[in-house]
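So the structure is just underneath, and the comments pick up after that.
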Amino acid sequence: MSQVADQRTAARAARTDARVQRRRRQILDAATEVMSRTGFHATAMQAVAERAGISVGLIYQYFGNKDDLLLAVIVDILEDFRDQVPAAIEAAGDDPVMRFDAGFRICCRVVDAKRLAVNLTYRESHTLSPEGLERIKQLELETAEPIRRAYRAGVAAGAFRDVDARLVVQNLLLVAHAWALKHWHVAGFLTLEQYMDQELALLIEGLRA
């Protein structure tokens, strides 16, 4: 009987957690859209609530204030990088060039899925508190490390030139971000797949040993 009760409790907890995640996603998506349209400072929490189809009070159950909401939008992108980049690199096998390739491609796919949020980050991240900015910086370093390791492995294997991996990955991420920042122009003549293929050709050509 106790085992059945435990299973029911666990099932309820799982449903609650899923509901919380769905609601949080709903709020983040609405905040991204409204802030992108009106700018952070002109955004009212009421407008976010209306876009999400919920009450303002419910937003405050998840986020303390508008600054917290902006930080959460930015952290959400970085958490996607943190979760998806290592998995994509590992799935690429042992070849260092393919691992580097996979790291770049998954970064571009994350950026494509969160184009509005990436643009919002570049526009509004300066408004974060010093603590918020520090958190973002640390997350950026953490999420980029798997690609840096892939590049260093490529250097050790003789596949890549011995260039500082930090600089290489900084350039790689800027190119990935550019898919969002310059999407209004680049998407007019390249698909995402074509963009990744051609940018990788340029990147790897300059980095091969």
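Ordering of the structure tokens sets the chain letters (A, B, ...), residue numbers begin anew at 1 in every chain, and ligands are numbered from 1 in the order given.
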Residues at most 10 Å from region 191-196 of chain A, counting only C-alpha atoms, excluding those fewer than 5 positions away in the same chain, as a ChimeraX atom specification?
/A:101,104-109,112,175-176,179,183,186,201-202
Take the residues that were just selected and, keeping N, CA and C atoms, output them as a PDB file, in the first residue's frame.
```pdb
ATOM      1  N   ASP A 101      32.664  20.915 -35.659  1.00  0.00           N
ATOM      2  CA  ASP A 101      31.544  21.152 -36.578  1.00  0.00           C
ATOM      3  C   ASP A 101      30.211  21.046 -35.838  1.00  0.00           C
ATOM      4  N   PHE A 104      29.498  24.005 -33.471  1.00  0.00           N
ATOM      5  CA  PHE A 104      29.038  25.216 -34.158  1.00  0.00           C
ATOM      6  C   PHE A 104      27.589  25.068 -34.607  1.00  0.00           C
ATOM      7  N   ARG A 105      27.273  23.926 -35.183  1.00  0.00           N
ATOM      8  CA  ARG A 105      25.916  23.749 -35.714  1.00  0.00           C
ATOM      9  C   ARG A 105      24.858  23.815 -34.613  1.00  0.00           C
ATOM     10  N   ILE A 106      25.116  23.207 -33.471  1.00  0.00           N
ATOM     11  CA  ILE A 106      24.096  23.243 -32.421  1.00  0.00           C
ATOM     12  C   ILE A 106      23.961  24.649 -31.854  1.00  0.00           C
ATOM     13  N   CYS A 107      25.066  25.409 -31.822  1.00  0.00           N
ATOM     14  CA  CYS A 107      24.965  26.806 -31.393  1.00  0.00           C
ATOM     15  C   CYS A 107      24.053  27.584 -32.336  1.00  0.00           C
ATOM     16  N   CYS A 108      24.224  27.365 -33.628  1.00  0.00           N
ATOM     17  CA  CYS A 108      23.376  28.057 -34.604  1.00  0.00           C
ATOM     18  C   CYS A 108      21.909  27.649 -34.451  1.00  0.00           C
ATOM     19  N   ARG A 109      21.670  26.383 -34.167  1.00  0.00           N
ATOM     20  CA  ARG A 109      20.284  25.918 -34.025  1.00  0.00           C
ATOM     21  C   ARG A 109      19.634  26.514 -32.766  1.00  0.00           C
ATOM     22  N   ASP A 112      18.867  30.053 -33.640  1.00  0.00           N
ATOM     23  CA  ASP A 112      17.712  30.127 -34.535  1.00  0.00           C
ATOM     24  C   ASP A 112      16.404  29.955 -33.769  1.00  0.00           C
ATOM     25  N   VAL A 175      29.762  34.343 -34.819  1.00  0.00           N
ATOM     26  CA  VAL A 175      29.176  33.964 -36.107  1.00  0.00           C
ATOM     27  C   VAL A 175      27.814  33.311 -35.897  1.00  0.00           C
ATOM     28  N   ALA A 176      27.699  32.466 -34.883  1.00  0.00           N
ATOM     29  CA  ALA A 176      26.405  31.850 -34.582  1.00  0.00           C
ATOM     30  C   ALA A 176      25.375  32.905 -34.196  1.00  0.00           C
ATOM     31  N   TRP A 179      23.530  34.954 -36.910  1.00  0.00           N
ATOM     32  CA  TRP A 179      22.339  34.427 -37.581  1.00  0.00           C
ATOM     33  C   TRP A 179      21.081  35.109 -37.057  1.00  0.00           C
ATOM     34  N   HIS A 183      19.713  38.342 -39.225  1.00  0.00           N
ATOM     35  CA  HIS A 183      18.753  37.458 -39.881  1.00  0.00           C
ATOM     36  C   HIS A 183      17.928  38.197 -40.920  1.00  0.00           C
ATOM     37  N   VAL A 186      20.603  38.131 -43.921  1.00  0.00           N
ATOM     38  CA  VAL A 186      21.207  36.859 -44.346  1.00  0.00           C
ATOM     39  C   VAL A 186      20.141  35.851 -44.771  1.00  0.00           C
ATOM     40  N   ALA A 201      32.817  26.274 -43.591  1.00  0.00           N
ATOM     41  CA  ALA A 201      33.875  26.174 -44.593  1.00  0.00           C
ATOM     42  C   ALA A 201      34.902  27.282 -44.400  1.00  0.00           C
ATOM     43  N   LEU A 202      34.417  28.497 -44.130  1.00  0.00           N
ATOM     44  CA  LEU A 202      35.316  29.614 -43.900  1.00  0.00           C
ATOM     45  C   LEU A 202      36.099  29.443 -42.603  1.00  0.00           C
TER      46      LEU A 202
END
```
Contacts of Ala31 (chain A) within 9 Å, only C-alpha atoms, excl. fewer than 3 positions in-chain, as a CSV table (one decimal) with C-alpha atoms, in the first residue's frame:
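Written out: out-v3.csv:
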```csv
chain,number,residue,atom,x,y,z
A,26,GLN,CA,4.7,30.7,-21.4
A,27,ILE,CA,5.9,33.8,-19.4
A,28,LEU,CA,9.4,33.8,-20.8
A,34,VAL,CA,6.9,42.2,-25.6
A,35,MET,CA,10.4,43.4,-24.6
A,36,SER,CA,11.6,42.9,-28.2
A,43,THR,CA,7.6,47.1,-21.1
A,45,MET,CA,4.3,43.6,-16.6
A,47,ALA,CA,1.5,43.8,-21.2
A,48,VAL,CA,3.5,40.6,-20.5
A,49,ALA,CA,0.6,39.1,-18.6
A,51,ARG,CA,0.4,38.4,-24.0
A,52,ALA,CA,0.8,35.3,-21.9
A,69,LEU,CA,12.3,38.4,-15.9
A,70,LEU,CA,14.9,39.8,-18.3
A,73,VAL,CA,15.1,35.3,-20.6
```
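Here CA of Arg37 (chain A) stands at a distance of 21.0 Å from CA of Val110 (chain A).
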Find the residues near Thr143 (chain A): any atom within 12 Å, counting only C-alpha atoms, skip ones fewer than 4 places away on the same chain, and give them as number ranges by chain.
A: 75, 77-87, 103, 106-107, 136-139, 147-149, 169-170, 173
Write a file of the just-selected residues containing C-alpha atoms, as a JSON list (two decimals), in the first residue's frame.
```json
[["chain", "number", "residue", "atom", "x", "y", "z"],
["A", 75, "VAL", "CA", 19.70, 32.65, -18.83],
["A", 77, "ILE", "CA", 19.25, 30.83, -23.91],
["A", 78, "LEU", "CA", 22.49, 30.01, -22.12],
["A", 79, "GLU", "CA", 20.92, 26.99, -20.45],
["A", 80, "ASP", "CA", 19.97, 25.69, -23.89],
["A", 81, "PHE", "CA", 23.61, 26.01, -24.92],
["A", 82, "ARG", "CA", 24.72, 24.33, -21.71],
["A", 83, "ASP", "CA", 22.35, 21.39, -22.17],
["A", 84, "GLN", "CA", 22.57, 20.87, -25.94],
["A", 85, "VAL", "CA", 26.18, 21.65, -26.92],
["A", 86, "PRO", "CA", 27.92, 18.84, -24.99],
["A", 87, "ALA", "CA", 25.37, 16.27, -26.18],
["A", 103, "GLY", "CA", 29.48, 22.39, -31.68],
["A", 106, "ILE", "CA", 24.10, 23.24, -32.42],
["A", 107, "CYS", "CA", 24.97, 26.81, -31.39],
["A", 136, "ILE", "CA", 25.65, 35.73, -17.46],
["A", 137, "LYS", "CA", 29.43, 35.94, -17.89],
["A", 138, "GLN", "CA", 30.01, 32.77, -15.90],
["A", 139, "LEU", "CA", 27.33, 30.90, -17.83],
["A", 147, "ILE", "CA", 33.73, 23.65, -27.86],
["A", 148, "ARG", "CA", 37.04, 24.95, -26.55],
["A", 149, "ARG", "CA", 37.90, 21.40, -25.47],
["A", 169, "VAL", "CA", 35.41, 29.91, -29.84],
["A", 170, "GLN", "CA", 34.66, 33.59, -29.29],
["A", 173, "LEU", "CA", 29.93, 32.13, -31.16]]
```
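Proximity of A:Val56, A:Ala153, A:Leu203, A:Leu120 to Thr38 (chain A), computed with only C-alpha atoms, is greatest for A:Leu120.
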Considering only alpha helix (DSSP H) as DSSP defines it on the backbone, what residues of region 53-181 of chain A qualify? List them as an MDAnalysis selection string.
chainID A and resid 56:62 66:91 96:113 115:124 130:156 165:181
Rounded to one decimal, what separation in Å do you get between CA of Ser55 (chain A) and CA of Leu71 (chain A)?
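Going from CA of Ser55 (chain A) over to CA of Leu71 (chain A), I get 20.4 Å.
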